[in-house]
>>> print(open('run_39.json').read())   # JSON, C-alpha atoms
[["chain", "number", "residue", "atom", "x", "y", "z"],
["A", 1, "MET", "CA", -9.78, 25.10, 50.18],
["A", 2, "ARG", "CA", -11.10, 22.59, 47.67],
["A", 3, "THR", "CA", -13.05, 23.82, 44.73],
["A", 4, "PHE", "CA", -16.50, 22.51, 43.93],
["A", 5, "GLU", "CA", -18.42, 22.42, 40.69],
["A", 6, "LYS", "CA", -22.19, 22.95, 40.62],
["A", 7, "ILE", "CA", -24.05, 20.18, 38.77],
["A", 8, "ASP", "CA", -27.66, 19.28, 38.12],
["A", 9, "PRO", "CA", -28.96, 16.77, 40.72],
["A", 10, "THR", "CA", -29.63, 14.23, 37.95],
["A", 11, "GLU", "CA", -25.90, 14.27, 37.11],
["A", 12, "LEU", "CA", -24.80, 13.17, 40.59],
["A", 13, "SER", "CA", -22.99, 9.88, 40.09],
["A", 14, "LEU", "CA", -22.62, 8.28, 43.46],
["A", 15, "ALA", "CA", -23.98, 5.09, 44.90],
["A", 16, "PRO", "CA", -26.41, 6.39, 47.54],
["A", 17, "PHE", "CA", -26.40, 3.25, 49.66],
["A", 18, "ALA", "CA", -22.60, 3.23, 49.92],
["A", 19, "ALA", "CA", -22.34, 7.02, 50.25],
["A", 20, "ILE", "CA", -24.73, 7.23, 53.19],
["A", 21, "SER", "CA", -24.29, 3.94, 55.05],
["A", 22, "GLN", "CA", -20.56, 3.39, 54.42],
["A", 23, "GLY", "CA", -19.16, 6.82, 53.61],
["A", 24, "TRP", "CA", -21.43, 8.64, 56.02],
["A", 25, "GLN", "CA", -22.57, 12.21, 55.79],
["A", 26, "LEU", "CA", -22.49, 15.35, 57.85],
["A", 27, "VAL", "CA", -25.93, 16.92, 58.14],
["A", 28, "CYS", "CA", -25.74, 20.62, 58.97],
["A", 29, "GLY", "CA", -28.39, 23.08, 60.07],
["A", 30, "VAL", "CA", -28.05, 26.83, 60.41],
["A", 31, "LYS", "CA", -30.01, 29.15, 62.67],
["A", 32, "PRO", "CA", -31.28, 32.53, 61.43],
["A", 33, "ASP", "CA", -28.38, 34.24, 63.29],
["A", 34, "GLY", "CA", -25.87, 32.31, 61.13],
["A", 35, "THR", "CA", -24.68, 29.84, 63.78],
["A", 36, "TYR", "CA", -24.50, 26.25, 62.62],
["A", 37, "ASN", "CA", -23.94, 22.73, 63.87],
["A", 38, "ALA", "CA", -23.62, 19.35, 62.21],
["A", 39, "LEU", "CA", -23.82, 15.69, 63.05],
["A", 40, "THR", "CA", -22.65, 12.47, 61.46],
["A", 41, "ALA", "CA", -25.42, 10.36, 59.94],
["A", 42, "SER", "CA", -25.39, 6.92, 58.38],
["A", 43, "TRP", "CA", -29.15, 6.82, 57.88],
["A", 44, "GLY", "CA", -30.86, 8.65, 55.07],
["A", 45, "ALA", "CA", -32.04, 8.47, 51.50],
["A", 46, "LEU", "CA", -31.77, 10.28, 48.18],
["A", 47, "GLY", "CA", -34.43, 10.18, 45.52],
["A", 48, "THR", "CA", -37.41, 11.87, 43.96],
["A", 49, "LEU", "CA", -40.52, 12.80, 45.89],
["A", 50, "TRP", "CA", -43.36, 15.17, 45.03],
["A", 51, "GLY", "CA", -41.77, 15.76, 41.63],
["A", 52, "MET", "CA", -38.44, 17.05, 42.94],
["A", 53, "PRO", "CA", -35.04, 15.72, 43.98],
["A", 54, "VAL", "CA", -34.91, 15.20, 47.75],
["A", 55, "ALA", "CA", -32.74, 14.01, 50.58],
["A", 56, "LEU", "CA", -34.23, 12.37, 53.66],
["A", 57, "CYS", "CA", -32.53, 12.35, 57.03],
["A", 58, "PHE", "CA", -33.47, 11.19, 60.49],
["A", 59, "ILE", "CA", -32.38, 13.15, 63.58],
["A", 60, "ARG", "CA", -32.97, 12.06, 67.18],
["A", 61, "SER", "CA", -34.71, 14.51, 69.46],
["A", 62, "SER", "CA", -31.72, 14.51, 71.84],
["A", 63, "ARG", "CA", -29.21, 15.76, 69.24],
["A", 64, "TYR", "CA", -27.98, 19.35, 69.56],
["A", 65, "THR", "CA", -27.94, 19.74, 65.76],
["A", 66, "LYS", "CA", -31.72, 19.24, 65.74],
["A", 67, "GLU", "CA", -32.12, 22.73, 67.26],
["A", 68, "PHE", "CA", -30.30, 24.20, 64.26],
["A", 69, "ILE", "CA", -32.24, 22.16, 61.72],
["A", 70, "ASP", "CA", -35.55, 23.07, 63.36],
["A", 71, "ALA", "CA", -34.69, 26.79, 63.64],
["A", 72, "GLY", "CA", -33.91, 27.37, 59.97],
["A", 73, "ASP", "CA", -35.30, 26.49, 56.57],
["A", 74, "LYS", "CA", -32.05, 25.28, 55.03],
["A", 75, "ILE", "CA", -30.04, 22.09, 55.51],
["A", 76, "THR", "CA", -26.88, 20.71, 53.94],
["A", 77, "PHE", "CA", -25.64, 17.17, 53.42],
["A", 78, "SER", "CA", -21.88, 16.70, 53.02],
["A", 79, "LEU", "CA", -21.25, 13.23, 51.58],
["A", 80, "PHE", "CA", -17.95, 11.37, 51.98],
["A", 81, "SER", "CA", -16.39, 8.37, 50.24],
["A", 82, "PRO", "CA", -16.35, 5.14, 52.26],
["A", 83, "ASP", "CA", -13.33, 4.96, 54.59],
["A", 84, "GLU", "CA", -12.39, 8.60, 53.92],
["A", 85, "HIS", "CA", -12.19, 10.95, 56.92],
["A", 86, "ARG", "CA", -13.49, 8.22, 59.24],
["A", 87, "ASP", "CA", -11.71, 9.63, 62.33],
["A", 88, "GLU", "CA", -13.09, 13.13, 61.75],
["A", 89, "LEU", "CA", -16.59, 11.80, 61.17],
["A", 90, "MET", "CA", -16.38, 9.73, 64.37],
["A", 91, "VAL", "CA", -15.52, 12.88, 66.35],
["A", 92, "MET", "CA", -18.46, 14.70, 64.75],
["A", 93, "GLY", "CA", -20.78, 11.83, 65.66],
["A", 94, "ARG", "CA", -19.60, 11.23, 69.21],
["A", 95, "THR", "CA", -19.04, 14.80, 70.37],
["A", 96, "SER", "CA", -21.75, 17.31, 71.13],
["A", 97, "GLY", "CA", -21.49, 20.87, 69.90],
["A", 98, "ARG", "CA", -23.12, 21.81, 73.23],
["A", 99, "ASP", "CA", -19.87, 20.95, 74.99],
["A", 100, "CYS", "CA", -17.11, 22.16, 72.66],
["A", 101, "ASP", "CA", -16.23, 23.28, 69.15],
["A", 102, "LYS", "CA", -16.43, 19.79, 67.72],
["A", 103, "ILE", "CA", -15.70, 20.95, 64.19],
["A", 104, "ALA", "CA", -12.33, 22.31, 65.33],
["A", 105, "LYS", "CA", -11.77, 19.18, 67.42],
["A", 106, "ALA", "CA", -12.38, 17.04, 64.32],
["A", 107, "GLY", "CA", -9.99, 19.20, 62.28],
["A", 108, "LEU", "CA", -12.56, 19.94, 59.58],
["A", 109, "THR", "CA", -12.82, 23.08, 57.48],
["A", 110, "VAL", "CA", -16.20, 24.68, 56.91],
["A", 111, "ALA", "CA", -17.06, 26.24, 53.57],
["A", 112, "THR", "CA", -20.13, 28.32, 52.80],
["A", 113, "ALA", "CA", -22.46, 28.88, 49.87],
["A", 114, "ASP", "CA", -25.46, 31.19, 49.98],
["A", 115, "GLY", "CA", -25.22, 31.41, 53.78],
["A", 116, "LEU", "CA", -25.16, 27.64, 54.18],
["A", 117, "SER", "CA", -22.33, 25.72, 55.80],
["A", 118, "TYR", "CA", -20.82, 22.50, 54.50],
["A", 119, "PHE", "CA", -17.53, 20.64, 54.77],
["A", 120, "ASP", "CA", -14.57, 21.19, 52.49],
["A", 121, "ALA", "CA", -13.44, 17.55, 52.77],
["A", 122, "ALA", "CA", -16.71, 16.22, 51.29],
["A", 123, "ASP", "CA", -16.88, 14.58, 47.88],
["A", 124, "ALA", "CA", -20.36, 15.93, 47.21],
["A", 125, "VAL", "CA", -22.58, 18.48, 48.93],
["A", 126, "LEU", "CA", -26.35, 18.78, 48.70],
["A", 127, "LEU", "CA", -27.78, 22.19, 49.58],
["A", 128, "GLY", "CA", -31.44, 21.92, 50.45],
["A", 129, "THR", "CA", -34.60, 23.46, 51.79],
["A", 130, "LYS", "CA", -36.70, 21.63, 54.37],
["A", 131, "VAL", "CA", -40.13, 20.83, 52.97],
["A", 132, "PHE", "CA", -41.37, 18.30, 55.54],
["A", 133, "ALA", "CA", -40.64, 17.26, 59.12],
["A", 134, "GLN", "CA", -42.42, 14.72, 61.28],
["A", 135, "GLU", "CA", -41.45, 12.82, 64.40],
["A", 136, "LEU", "CA", -41.57, 9.07, 63.96],
["A", 137, "ASP", "CA", -44.04, 7.15, 66.06],
["A", 138, "GLY", "CA", -43.71, 3.56, 67.21],
["A", 139, "ASN", "CA", -47.26, 2.92, 66.00],
["A", 140, "GLY", "CA", -46.12, 3.51, 62.42],
["A", 141, "PHE", "CA", -44.20, 0.26, 62.18],
["A", 142, "THR", "CA", -45.96, -2.26, 59.95],
["A", 143, "ALA", "CA", -46.33, -5.97, 60.65],
["A", 144, "ALA", "CA", -43.04, -6.58, 58.79],
["A", 145, "GLY", "CA", -41.35, -3.84, 60.84],
["A", 146, "GLN", "CA", -42.69, -5.41, 64.03],
["A", 147, "GLU", "CA", -41.54, -8.86, 62.88],
["A", 148, "LEU", "CA", -38.05, -7.43, 62.28],
["A", 149, "LYS", "CA", -38.26, -5.82, 65.74],
["A", 150, "LEU", "CA", -37.20, -2.48, 64.26],
["A", 151, "TYR", "CA", -38.90, -0.47, 67.00],
["A", 152, "ASP", "CA", -37.42, -2.64, 69.75],
["A", 153, "LYS", "CA", -33.89, -2.56, 68.27],
["A", 154, "ASN", "CA", -33.81, 1.16, 67.57],
["A", 155, "TYR", "CA", -35.97, 2.80, 70.23],
["A", 156, "VAL", "CA", -37.04, 0.67, 73.21],
["A", 157, "GLN", "CA", -33.53, 0.32, 74.67],
["A", 158, "ASN", "CA", -32.41, 3.79, 73.57],
["A", 159, "THR", "CA", -33.22, 6.72, 75.83],
["A", 160, "ASP", "CA", -32.27, 9.32, 73.20],
["A", 161, "GLY", "CA", -35.81, 9.53, 71.87],
["A", 162, "MET", "CA", -37.39, 8.94, 68.51],
["A", 163, "HIS", "CA", -36.08, 10.34, 65.24],
["A", 164, "THR", "CA", -37.67, 13.16, 63.31],
["A", 165, "LEU", "CA", -37.85, 12.54, 59.57],
["A", 166, "TYR", "CA", -36.82, 15.54, 57.48],
["A", 167, "VAL", "CA", -37.39, 15.79, 53.75],
["A", 168, "ALA", "CA", -35.29, 18.43, 52.02],
["A", 169, "ARG", "CA", -35.69, 19.61, 48.44],
["A", 170, "ILE", "CA", -32.26, 19.58, 46.81],
["A", 171, "ASP", "CA", -31.63, 23.11, 45.55],
["A", 172, "GLU", "CA", -28.01, 22.69, 44.47],
["A", 173, "VAL", "CA", -25.47, 19.89, 44.16],
["A", 174, "LEU", "CA", -21.76, 20.60, 44.45],
["A", 175, "VAL", "CA", -19.10, 18.01, 43.62],
["A", 176, "ALA", "CA", -15.45, 18.30, 44.55],
["A", 177, "GLU", "CA", -13.18, 18.90, 41.61],
["A", 178, "GLU", "CA", -10.18, 16.62, 41.23],
["A", 179, "ASP", "CA", -7.00, 18.04, 42.75]]
>>> encode(input="run_39.json", output="structure tokens")
Amino acid sequence: MRTFEKIDPTELSLAPFAAISQGWQLVCGVKPDGTYNALTASWGALGTLWGMPVALCFIRSSRYTKEFIDAGDKITFSLFSPDEHRDELMVMGRTSGRDCDKIAKAGLTVATADGLSYFDAADAVLLGTKVFAQELDGNGFTAAGQELKLYDKNYVQNTDGMHTLYVARIDEVLVAEED
């Protein structure tokens, strides 16, 4: 197992655009009974909102992991370097935990902290508490969003439903220590 060091969120030195859109992340929810599930996400944001460090993620209503995120108060974000663990992350994104043990299929190792699950192969892990959740609505797209056809490109042709926006307060940040 890798070892992780706890740091203050303001000390996290990663490029959020590259980490999320190119490196991808595994977003994990845990139910009150301790069961967990995760999905691969390349959409999201890190920043400050309401005076606290936060992570934002977007989960489609059809995703099995959404049940886990909705059932509990906690959520983790395991962030990976671009081009690292791409095959494993593809399995996690294309396989449903409804159908099999996709974590085992991907060959990933789960670690835990304070009852939360995250992935040992990650470069950084954000442990958070959900503070806001709201389903997106096609009516929320502005004139610029309509001009860019964001609703059409992301939702009209997709039968997997709209995304729910989750805002999580970052409670702890763990970074992998060098081997």
>>> atom_distance(input="run_39.json", atom1="atom CA of A:Ser42", atom2="atom CA of A:Gly145")
19.4 Å
>>> closest_residue(input="run_39.json", among="A:Val125, A:Asn139, A:Thr65, A:Lys149", to="A:Val110", atoms="all atoms listed in the file")
A:Val125
>>> residues_around(input="run_39.json", residues="A:Phe4", least_positions_apart="5", cutoff="8 Å", atoms="all atoms listed in the file", output="count of residues only")
4
>>> atom_distance(input="run_39.json", atom1="atom CA of A:Thr112", atom2="atom CA of A:Ser96")
21.4 Å
>>> closest_residue(input="run_39.json", among="A:Lys102, A:Lys153, A:Lys66, A:His85", to="A:Asp123", atoms="all atoms listed in the file")
A:His85
>>> atom_distance(input="run_39.json", atom1="atom CA of A:Lys130", atom2="atom CA of A:Met162")
19.0 Å
>>> closest_residue(input="run_39.json", among="A:Val131, A:Ala38, A:Leu12, A:Ala143", to="A:Trp50", atoms="all atoms listed in the file")
A:Val131
>>> residues_around(input="run_39.json", residues="A:Thr40", least_positions_apart="2", cutoff="6 Å", atoms="only C-alpha atoms", output="PyMOL selection string")
chain A and resi 25-26+92-93
>>> closest_residue(input="run_39.json", among="A:Asn37, A:Thr129, A:Thr109, A:Thr159", to="A:Tyr64", atoms="only C-alpha atoms")
A:Asn37
>>> closest_residue(input="run_39.json", among="A:Ala124, A:Ala55, A:Ala104, A:Leu136", to="A:Ile75", atoms="all atoms listed in the file")
A:Ala55
>>> residues_near_point(input="run_39.json", point="(-27.4, 16.3, 35.8)", cutoff="12 Å", atoms="all atoms listed in the file", output="PDB file with C-alpha atoms, in the frame of the given file")
ATOM      1  CA  GLU A   5     -18.420  22.420  40.690  1.00  0.00           C
ATOM      2  CA  LYS A   6     -22.190  22.950  40.620  1.00  0.00           C
ATOM      3  CA  ILE A   7     -24.050  20.180  38.770  1.00  0.00           C
ATOM      4  CA  ASP A   8     -27.660  19.280  38.120  1.00  0.00           C
ATOM      5  CA  PRO A   9     -28.960  16.770  40.720  1.00  0.00           C
ATOM      6  CA  THR A  10     -29.630  14.230  37.950  1.00  0.00           C
ATOM      7  CA  GLU A  11     -25.900  14.270  37.110  1.00  0.00           C
ATOM      8  CA  LEU A  12     -24.800  13.170  40.590  1.00  0.00           C
ATOM      9  CA  SER A  13     -22.990   9.880  40.090  1.00  0.00           C
ATOM     10  CA  PRO A  53     -35.040  15.720  43.980  1.00  0.00           C
ATOM     11  CA  GLU A 172     -28.010  22.690  44.470  1.00  0.00           C
ATOM     12  CA  VAL A 173     -25.470  19.890  44.160  1.00  0.00           C
ATOM     13  CA  LEU A 174     -21.760  20.600  44.450  1.00  0.00           C
ATOM     14  CA  VAL A 175     -19.100  18.010  43.620  1.00  0.00           C
TER      15      VAL A 175
END
>>> residues_around(input="run_39.json", residues="A:Gly29", least_positions_apart="5", cutoff="9 Å", atoms="only C-alpha atoms", output="mmCIF file with C-alpha atoms, in the coordinates of the input")
data_model
loop_
_atom_site.group_PDB
_atom_site.id
_atom_site.type_symbol
_atom_site.label_atom_id
_atom_site.label_comp_id
_atom_site.auth_asym_id
_atom_site.auth_seq_id
_atom_site.Cartn_x
_atom_site.Cartn_y
_atom_site.Cartn_z
ATOM 1 C CA THR A 35 -24.680 29.840 63.780
ATOM 2 C CA TYR A 36 -24.500 26.250 62.620
ATOM 3 C CA ASN A 37 -23.940 22.730 63.870
ATOM 4 C CA ALA A 38 -23.620 19.350 62.210
ATOM 5 C CA THR A 65 -27.940 19.740 65.760
ATOM 6 C CA LYS A 66 -31.720 19.240 65.740
ATOM 7 C CA GLU A 67 -32.120 22.730 67.260
ATOM 8 C CA PHE A 68 -30.300 24.200 64.260
ATOM 9 C CA ILE A 69 -32.240 22.160 61.720
ATOM 10 C CA ASP A 70 -35.550 23.070 63.360
ATOM 11 C CA ALA A 71 -34.690 26.790 63.640
ATOM 12 C CA GLY A 72 -33.910 27.370 59.970
ATOM 13 C CA ASP A 73 -35.300 26.490 56.570
ATOM 14 C CA LYS A 74 -32.050 25.280 55.030
ATOM 15 C CA ILE A 75 -30.040 22.090 55.510
ATOM 16 C CA THR A 76 -26.880 20.710 53.940
ATOM 17 C CA LEU A 116 -25.160 27.640 54.180
ATOM 18 C CA SER A 117 -22.330 25.720 55.800
#
>>> residues_near_point(input="run_39.json", point="(-35.6, 18.2, 44.6)", cutoff="8 Å", atoms="only C-alpha atoms", output="PyMOL selection string")
chain A and resi 9+48-49+51-55+168-171
>>> residues_around(input="run_39.json", residues="A:Gly44", least_positions_apart="6", cutoff="9 Å", atoms="only C-alpha atoms", output="PyMOL selection string")
chain A and resi 17+20-21+55-58
>>> closest_residue(input="run_39.json", among="A:Glu178, A:Asp87, A:Glu147, A:Glu135", to="A:Ser61", atoms="all atoms listed in the file")
A:Glu135
